[in-house]
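What follows is the content of data.pdb (PDB, C-alpha atoms).
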```
ATOM      1  CA  MET A  63      91.741-101.741-198.766  1.00  0.00           C
ATOM      2  CA  LYS A  64      91.880 -98.194-197.421  1.00  0.00           C
ATOM      3  CA  ARG A  65      89.274 -97.392-194.777  1.00  0.00           C
ATOM      4  CA  VAL A  66      88.344 -94.675-192.370  1.00  0.00           C
ATOM      5  CA  ARG A  67      85.738 -94.333-189.627  1.00  0.00           C
ATOM      6  CA  LEU A  68      85.108 -91.513-187.211  1.00  0.00           C
ATOM      7  CA  GLY A  69      83.276 -91.143-183.924  1.00  0.00           C
ATOM      8  CA  TYR A  70      82.950 -88.644-181.113  1.00  0.00           C
ATOM      9  CA  SER A  71      81.226 -88.524-177.775  1.00  0.00           C
ATOM     10  CA  ARG A  72      79.813 -85.894-175.516  1.00  0.00           C
ATOM     11  CA  PRO A  73      77.227 -86.327-172.762  1.00  0.00           C
ATOM     12  CA  VAL A  74      74.088 -86.404-174.935  1.00  0.00           C
ATOM     13  CA  SER A  75      70.952 -88.522-175.125  1.00  0.00           C
ATOM     14  CA  TRP A  76      71.157 -91.942-176.801  1.00  0.00           C
ATOM     15  CA  SER A  77      68.846 -90.943-179.687  1.00  0.00           C
ATOM     16  CA  LEU A  78      70.860 -87.780-180.309  1.00  0.00           C
ATOM     17  CA  ARG A  79      74.056 -89.893-180.244  1.00  0.00           C
ATOM     18  CA  ILE A  80      72.659 -92.152-182.947  1.00  0.00           C
ATOM     19  CA  LEU A  81      71.681 -89.148-185.054  1.00  0.00           C
ATOM     20  CA  ILE A  82      75.090 -87.521-184.563  1.00  0.00           C
ATOM     21  CA  ALA A  83      76.971 -90.752-185.316  1.00  0.00           C
ATOM     22  CA  THR A  84      74.929 -91.265-188.469  1.00  0.00           C
ATOM     23  CA  ALA A  85      75.629 -87.688-189.582  1.00  0.00           C
ATOM     24  CA  ALA A  86      79.347 -88.090-188.828  1.00  0.00           C
ATOM     25  CA  LEU A  87      79.568 -91.290-190.852  1.00  0.00           C
ATOM     26  CA  ALA A  88      77.669 -89.677-193.730  1.00  0.00           C
ATOM     27  CA  ALA A  89      80.046 -86.715-193.608  1.00  0.00           C
ATOM     28  CA  ALA A  90      83.061 -89.050-193.628  1.00  0.00           C
ATOM     29  CA  ALA A  91      81.644 -90.935-196.618  1.00  0.00           C
ATOM     30  CA  LEU A  92      81.064 -87.665-198.453  1.00  0.00           C
ATOM     31  CA  ILE A  93      84.616 -86.554-197.713  1.00  0.00           C
ATOM     32  CA  LEU A  94      85.990 -89.819-199.064  1.00  0.00           C
ATOM     33  CA  PHE A  95      83.819 -89.556-202.164  1.00  0.00           C
ATOM     34  CA  VAL A  96      84.604 -85.941-202.951  1.00  0.00           C
ATOM     35  CA  GLY A  97      88.239 -86.160-201.875  1.00  0.00           C
ATOM     36  CA  THR A  98      90.169 -84.191-199.337  1.00  0.00           C
ATOM     37  CA  HIS A  99      92.271 -81.077-199.439  1.00  0.00           C
ATOM     38  CA  ALA A 100      94.590 -79.674-196.821  1.00  0.00           C
ATOM     39  CA  GLY A 101      93.140 -77.366-194.181  1.00  0.00           C
ATOM     40  CA  ALA A 102      94.974 -74.352-192.807  1.00  0.00           C
ATOM     41  CA  ALA A 103      96.327 -76.247-189.794  1.00  0.00           C
ATOM     42  CA  VAL A 104      97.619 -79.097-191.949  1.00  0.00           C
ATOM     43  CA  ARG A 105      99.248 -76.696-194.432  1.00  0.00           C
ATOM     44  CA  ALA A 106     101.019 -75.035-191.512  1.00  0.00           C
ATOM     45  CA  GLY A 107     103.093 -78.194-191.091  1.00  0.00           C
ATOM     46  CA  CYS A 108     103.471 -80.311-188.005  1.00  0.00           C
ATOM     47  CA  ALA A 109     106.356 -82.782-188.037  1.00  0.00           C
ATOM     48  CA  GLY A 110     105.177 -86.299-188.831  1.00  0.00           C
ATOM     49  CA  GLN A 111     101.645 -85.316-189.835  1.00  0.00           C
ATOM     50  CA  ASN A 112     101.778 -87.251-193.114  1.00  0.00           C
ATOM     51  CA  ASP A 113     103.893 -90.206-191.998  1.00  0.00           C
ATOM     52  CA  ALA A 114     101.807 -93.212-190.948  1.00  0.00           C
ATOM     53  CA  GLY A 115     105.054 -95.188-190.628  1.00  0.00           C
ATOM     54  CA  ALA A 116     106.523 -92.908-187.970  1.00  0.00           C
ATOM     55  CA  PRO A 117     106.609 -94.168-184.379  1.00  0.00           C
ATOM     56  CA  ALA A 118     103.294 -93.707-182.557  1.00  0.00           C
ATOM     57  CA  ALA A 119     104.785 -91.053-180.263  1.00  0.00           C
ATOM     58  CA  VAL A 120     105.805 -88.939-183.280  1.00  0.00           C
ATOM     59  CA  GLN A 121     102.343 -89.253-184.802  1.00  0.00           C
ATOM     60  CA  GLU A 122     100.670 -88.377-181.482  1.00  0.00           C
ATOM     61  CA  ARG A 123     102.841 -85.249-181.177  1.00  0.00           C
ATOM     62  CA  ALA A 124     101.865 -84.301-184.736  1.00  0.00           C
ATOM     63  CA  MET A 125      98.179 -84.672-183.837  1.00  0.00           C
ATOM     64  CA  LEU A 126      98.633 -82.493-180.741  1.00  0.00           C
ATOM     65  CA  CYS A 127     100.393 -79.896-182.894  1.00  0.00           C
ATOM     66  CA  LEU A 128      97.505 -79.924-185.395  1.00  0.00           C
ATOM     67  CA  VAL A 129      94.906 -79.572-182.631  1.00  0.00           C
ATOM     68  CA  ASN A 130      96.675 -76.650-180.993  1.00  0.00           C
ATOM     69  CA  ARG A 131      97.380 -74.868-184.283  1.00  0.00           C
ATOM     70  CA  ALA A 132      93.696 -75.100-185.170  1.00  0.00           C
ATOM     71  CA  ARG A 133      92.758 -73.693-181.760  1.00  0.00           C
ATOM     72  CA  GLU A 134      95.336 -70.904-181.937  1.00  0.00           C
ATOM     73  CA  GLY A 135      94.134 -70.018-185.445  1.00  0.00           C
ATOM     74  CA  ARG A 136      90.728 -69.297-183.925  1.00  0.00           C
ATOM     75  CA  GLY A 137      92.079 -67.300-180.979  1.00  0.00           C
ATOM     76  CA  LEU A 138      91.700 -70.167-178.494  1.00  0.00           C
ATOM     77  CA  GLU A 139      94.210 -71.242-175.884  1.00  0.00           C
ATOM     78  CA  PRO A 140      96.212 -74.382-176.712  1.00  0.00           C
ATOM     79  CA  LEU A 141      95.285 -77.525-174.821  1.00  0.00           C
ATOM     80  CA  ALA A 142      97.624 -78.988-172.220  1.00  0.00           C
ATOM     81  CA  ALA A 143      98.510 -82.663-172.646  1.00  0.00           C
ATOM     82  CA  PRO A 144      98.617 -84.310-169.210  1.00  0.00           C
ATOM     83  CA  ALA A 145     100.131 -87.788-169.109  1.00  0.00           C
ATOM     84  CA  SER A 146      96.998 -89.149-167.436  1.00  0.00           C
ATOM     85  CA  LEU A 147      94.806 -88.290-170.440  1.00  0.00           C
ATOM     86  CA  ALA A 148      97.399 -89.654-172.849  1.00  0.00           C
ATOM     87  CA  ARG A 149      97.243 -92.964-170.924  1.00  0.00           C
ATOM     88  CA  ALA A 150      93.433 -92.890-171.045  1.00  0.00           C
ATOM     89  CA  ALA A 151      93.478 -92.277-174.810  1.00  0.00           C
ATOM     90  CA  ALA A 152      96.029 -95.028-175.464  1.00  0.00           C
ATOM     91  CA  ARG A 153      94.039 -97.509-173.398  1.00  0.00           C
ATOM     92  CA  LYS A 154      90.796 -96.597-175.178  1.00  0.00           C
ATOM     93  CA  SER A 155      92.447 -97.182-178.566  1.00  0.00           C
ATOM     94  CA  ALA A 156      93.781-100.502-177.234  1.00  0.00           C
ATOM     95  CA  ASP A 157      90.259-101.489-176.073  1.00  0.00           C
ATOM     96  CA  ILE A 158      88.880-100.773-179.541  1.00  0.00           C
ATOM     97  CA  LEU A 159      91.472-103.119-181.047  1.00  0.00           C
ATOM     98  CA  ARG A 160      91.277-105.775-178.327  1.00  0.00           C
ATOM     99  CA  CYS A 161      87.487-106.055-178.503  1.00  0.00           C
ATOM    100  CA  ASP A 162      87.398-105.439-182.276  1.00  0.00           C
ATOM    101  CA  GLU A 163      84.699-102.867-181.606  1.00  0.00           C
ATOM    102  CA  PHE A 164      84.842 -99.352-183.049  1.00  0.00           C
ATOM    103  CA  SER A 165      82.712 -97.705-180.389  1.00  0.00           C
ATOM    104  CA  HIS A 166      82.830 -95.151-177.601  1.00  0.00           C
ATOM    105  CA  GLU A 167      81.622 -98.016-175.414  1.00  0.00           C
ATOM    106  CA  ALA A 168      84.235-100.542-176.661  1.00  0.00           C
ATOM    107  CA  CYS A 169      84.488-103.621-174.451  1.00  0.00           C
ATOM    108  CA  GLY A 170      81.243-102.594-172.739  1.00  0.00           C
ATOM    109  CA  ARG A 171      82.821 -99.584-171.027  1.00  0.00           C
ATOM    110  CA  GLU A 172      81.411 -96.057-170.879  1.00  0.00           C
ATOM    111  CA  PHE A 173      83.527 -93.499-172.721  1.00  0.00           C
ATOM    112  CA  THR A 174      84.605 -92.050-169.346  1.00  0.00           C
ATOM    113  CA  TYR A 175      85.900 -95.412-168.049  1.00  0.00           C
ATOM    114  CA  TRP A 176      89.573 -94.701-168.733  1.00  0.00           C
ATOM    115  CA  PHE A 177      89.331 -91.107-167.468  1.00  0.00           C
ATOM    116  CA  GLU A 178      88.338 -92.541-164.095  1.00  0.00           C
ATOM    117  CA  ARG A 179      90.851 -95.411-164.141  1.00  0.00           C
ATOM    118  CA  VAL A 180      93.822 -93.070-164.729  1.00  0.00           C
ATOM    119  CA  GLY A 181      92.603 -90.664-162.044  1.00  0.00           C
ATOM    120  CA  TYR A 182      91.562 -87.755-164.257  1.00  0.00           C
ATOM    121  CA  ARG A 183      88.755 -85.933-162.451  1.00  0.00           C
ATOM    122  CA  GLY A 184      87.023 -83.919-165.126  1.00  0.00           C
ATOM    123  CA  CYS A 185      83.982 -81.714-164.803  1.00  0.00           C
ATOM    124  CA  ARG A 186      83.667 -81.668-168.595  1.00  0.00           C
ATOM    125  CA  GLU A 187      84.790 -84.557-170.797  1.00  0.00           C
ATOM    126  CA  GLY A 188      84.576 -85.443-174.470  1.00  0.00           C
ATOM    127  CA  GLU A 189      86.036 -87.967-176.863  1.00  0.00           C
ATOM    128  CA  ASN A 190      86.871 -88.306-180.557  1.00  0.00           C
ATOM    129  CA  ILE A 191      87.710 -91.680-182.060  1.00  0.00           C
ATOM    130  CA  ALA A 192      88.721 -92.612-185.581  1.00  0.00           C
ATOM    131  CA  TYR A 193      90.543 -95.275-187.475  1.00  0.00           C
ATOM    132  CA  GLY A 194      92.066 -95.323-190.880  1.00  0.00           C
ATOM    133  CA  SER A 195      94.357 -97.419-192.988  1.00  0.00           C
ATOM    134  CA  GLY A 196      96.464 -96.705-196.042  1.00  0.00           C
ATOM    135  CA  GLY A 197      96.357 -93.025-197.002  1.00  0.00           C
ATOM    136  CA  TYR A 198      93.727 -92.385-194.331  1.00  0.00           C
ATOM    137  CA  ALA A 199      95.971 -93.459-191.440  1.00  0.00           C
ATOM    138  CA  PRO A 200      98.352 -90.484-190.913  1.00  0.00           C
ATOM    139  CA  PRO A 201      97.556 -87.841-188.307  1.00  0.00           C
ATOM    140  CA  GLY A 202      97.029 -85.119-190.933  1.00  0.00           C
ATOM    141  CA  SER A 203      94.405 -87.185-192.749  1.00  0.00           C
ATOM    142  CA  ILE A 204      92.478 -88.100-189.589  1.00  0.00           C
ATOM    143  CA  PHE A 205      92.681 -84.514-188.358  1.00  0.00           C
ATOM    144  CA  GLN A 206      91.263 -83.167-191.641  1.00  0.00           C
ATOM    145  CA  MET A 207      88.323 -85.535-191.411  1.00  0.00           C
ATOM    146  CA  TRP A 208      87.648 -84.624-187.791  1.00  0.00           C
ATOM    147  CA  MET A 209      87.686 -80.918-188.654  1.00  0.00           C
ATOM    148  CA  ARG A 210      85.160 -81.491-191.453  1.00  0.00           C
ATOM    149  CA  SER A 211      82.730 -83.101-188.999  1.00  0.00           C
ATOM    150  CA  SER A 212      80.856 -80.636-186.789  1.00  0.00           C
ATOM    151  CA  GLY A 213      80.811 -82.840-183.677  1.00  0.00           C
ATOM    152  CA  HIS A 214      84.497 -83.682-183.847  1.00  0.00           C
ATOM    153  CA  ARG A 215      85.406 -80.081-184.608  1.00  0.00           C
ATOM    154  CA  GLU A 216      83.316 -78.943-181.610  1.00  0.00           C
ATOM    155  CA  ASN A 217      85.392 -81.164-179.346  1.00  0.00           C
ATOM    156  CA  ILE A 218      88.708 -79.991-180.844  1.00  0.00           C
ATOM    157  CA  LEU A 219      87.727 -76.323-180.588  1.00  0.00           C
ATOM    158  CA  GLY A 220      85.579 -76.788-177.499  1.00  0.00           C
ATOM    159  CA  PRO A 221      85.703 -75.467-173.971  1.00  0.00           C
ATOM    160  CA  TYR A 222      88.352 -77.866-172.708  1.00  0.00           C
ATOM    161  CA  ASP A 223      91.686 -77.330-170.967  1.00  0.00           C
ATOM    162  CA  ASP A 224      93.329 -80.691-171.648  1.00  0.00           C
ATOM    163  CA  VAL A 225      93.666 -83.357-174.322  1.00  0.00           C
ATOM    164  CA  GLY A 226      95.127 -86.828-174.377  1.00  0.00           C
ATOM    165  CA  ILE A 227      95.958 -88.434-177.711  1.00  0.00           C
ATOM    166  CA  GLY A 228      96.429 -92.151-178.173  1.00  0.00           C
ATOM    167  CA  LEU A 229      97.336 -94.142-181.276  1.00  0.00           C
ATOM    168  CA  GLN A 230      97.346 -97.930-181.463  1.00  0.00           C
ATOM    169  CA  ILE A 231      97.947 -99.918-184.649  1.00  0.00           C
ATOM    170  CA  GLY A 232      96.521-103.360-185.319  1.00  0.00           C
ATOM    171  CA  GLU A 233      93.705-105.277-186.956  1.00  0.00           C
ATOM    172  CA  LEU A 234      90.207-103.847-186.651  1.00  0.00           C
ATOM    173  CA  GLU A 235      87.076-105.118-188.336  1.00  0.00           C
ATOM    174  CA  GLY A 236      89.219-107.250-190.658  1.00  0.00           C
ATOM    175  CA  ASN A 237      91.488-104.355-191.631  1.00  0.00           C
ATOM    176  CA  GLY A 238      95.148-104.964-190.865  1.00  0.00           C
ATOM    177  CA  GLY A 239      97.314-101.949-190.177  1.00  0.00           C
ATOM    178  CA  ALA A 240      94.386 -99.943-188.813  1.00  0.00           C
ATOM    179  CA  HIS A 241      95.567 -96.800-187.052  1.00  0.00           C
ATOM    180  CA  VAL A 242      93.111 -96.326-184.179  1.00  0.00           C
ATOM    181  CA  TRP A 243      93.058 -92.780-182.849  1.00  0.00           C
ATOM    182  CA  THR A 244      91.501 -91.516-179.624  1.00  0.00           C
ATOM    183  CA  GLN A 245      91.376 -87.948-178.370  1.00  0.00           C
ATOM    184  CA  GLU A 246      90.241 -87.564-174.751  1.00  0.00           C
ATOM    185  CA  PHE A 247      89.224 -84.003-173.861  1.00  0.00           C
ATOM    186  CA  GLY A 248      88.763 -82.716-170.342  1.00  0.00           C
ATOM    187  CA  THR A 249      88.481 -79.793-168.028  1.00  0.00           C
ATOM    188  CA  PRO A 250      89.510 -80.685-164.472  1.00  0.00           C
ATOM    189  CA  CYS A 251      87.170 -79.933-161.604  1.00  0.00           C
ATOM    190  CA  ARG A 252      88.401 -76.972-159.652  1.00  0.00           C
TER     191      ARG A 252
END
```

Encoded form using structure tokens:
Amino acid sequence: MKRVRLGYSRPVSWSLRILIATAALAAAALILFVGTHAGAAVRAGCAGQNDAGAPAAVQERAMLCLVNRAREGRGLEPLAAPASLARAAARKSADILRCDEFSHEACGREFTYWFERVGYRGCREGENIAYGSGGYAPPGSIFQMWMRSSGHRENILGPYDDVGIGLQIGELEGNGGAHVWTQEFGTPCR
């Protein structure tokens, strides 16, 4: 069975989070129903963007390429990719798998938990999460879905300096081979 789920987080009220999450899931369902087509950043070509079988590091680089091409296409500066945020993103994806909980608060932890644990001191932080299997697993597919969701797109094109991208593959919610993606966005305190 091919599946996809999306989620994003910004410091917002709980009721607004529920509304946003509901809208994001509805948008993802609509995308799956109507079908997808390649966006400008995906057409531009980033190595490994359509290969869910590539090593995780190759897929993560493809996702970073897609993010920065989308930003550059809108006249925005590319995001830096500090190792600390990459560790935070990888650990968040691992938490989602380990606790079998697709949530920004997986394992009962706030979305900023791994930012703090890896020593990233951000004054502005955000997070996108997604998982997909089958044809919805590759970086290009996940990226397209994020860009079609206003909240996810806002994080990708938002006022951040840094991004960490983490991919973990395992069983989630009964779906084997789930590719769990996390993007951690931040702007360090100056």

- Task: Would you write out, as a PyMOL selection string, every residue that the PyMOL selection byres ((chain A and resi 133) around 12) captures in this file?
- Result: chain A and resi 102-103+126-132+134-142+209+215-223

Please produce, as CSV, a per-residue contact table for segment 182-209 of chain A versus segment 152-166 of chain A (criterion: any atom at most 9 Å away, all atoms listed in the file considered), showing the nearest atom pair and its distance in Å to one decimal, sorted by chain then residue number.
```
residue,atom,partner,partner_atom,distance
A:Glu189,CA,A:His166,CA,7.9
A:Asn190,CA,A:His166,CA,8.5
A:Ile191,CA,A:His166,CA,7.5
A:Ala192,CA,A:Phe164,CA,8.2
A:Tyr193,CA,A:Phe164,CA,8.3
```

- Item | Residue nearest Tyr198 of chain A among A:Gly107, A:Gly239, A:Pro250, A:Gly184 (counting all atoms listed in the file) |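 Checking each of A:Gly107, A:Gly239, A:Pro250, A:Gly184 against Tyr198 of chain A, counting all atoms listed in the file, the winner is A:Gly239.
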
- Query: Please, what distance in Å, to one decimal, runs between atom CA of His241 of chain A and atom CA of Arg186 of chain A?
  - Reply: 26.7 Å

Edge lengths and centre in Å to one decimal, as AutoDock Vina command-line options, of the axis-aligned box that encloses all listed atoms of segment 207-215 of chain A with 4 Å added on every side?
```
--center_x 84.6 --center_y -82.8 --center_z -187.6 --size_x 15.5 --size_y 13.5 --size_z 15.8
```

- Item | Interatomic distance (Å, one decimal) between atom CA of Ala148 of chain A and atom CA of Arg123 of chain A | 10.9 Å

- Can you tell me how far atom CA of Asp113 of chain A sits from atom CA of Gln230 of chain A, in Å to one decimal? 14.6 Å

- Task: Report the residues retrieved by the PyMOL selection byres ((chain A and resi 200) around 7) from the displayed file, expressed as a list in words.
- Result: Gln111, Asn112, Asp113, Ala114, Gly197, Tyr198, Ala199, Pro201, Gly202, Ser203 and Ile204 of chain A

- Item | Non-local contacts of Ala119 of chain A (9 Å; all atoms listed in the file; under 5 positions in same chain excluded) as a list in words |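 Listed by chain and then number, they are Ala124, Gly228 and Leu229 of chain A.
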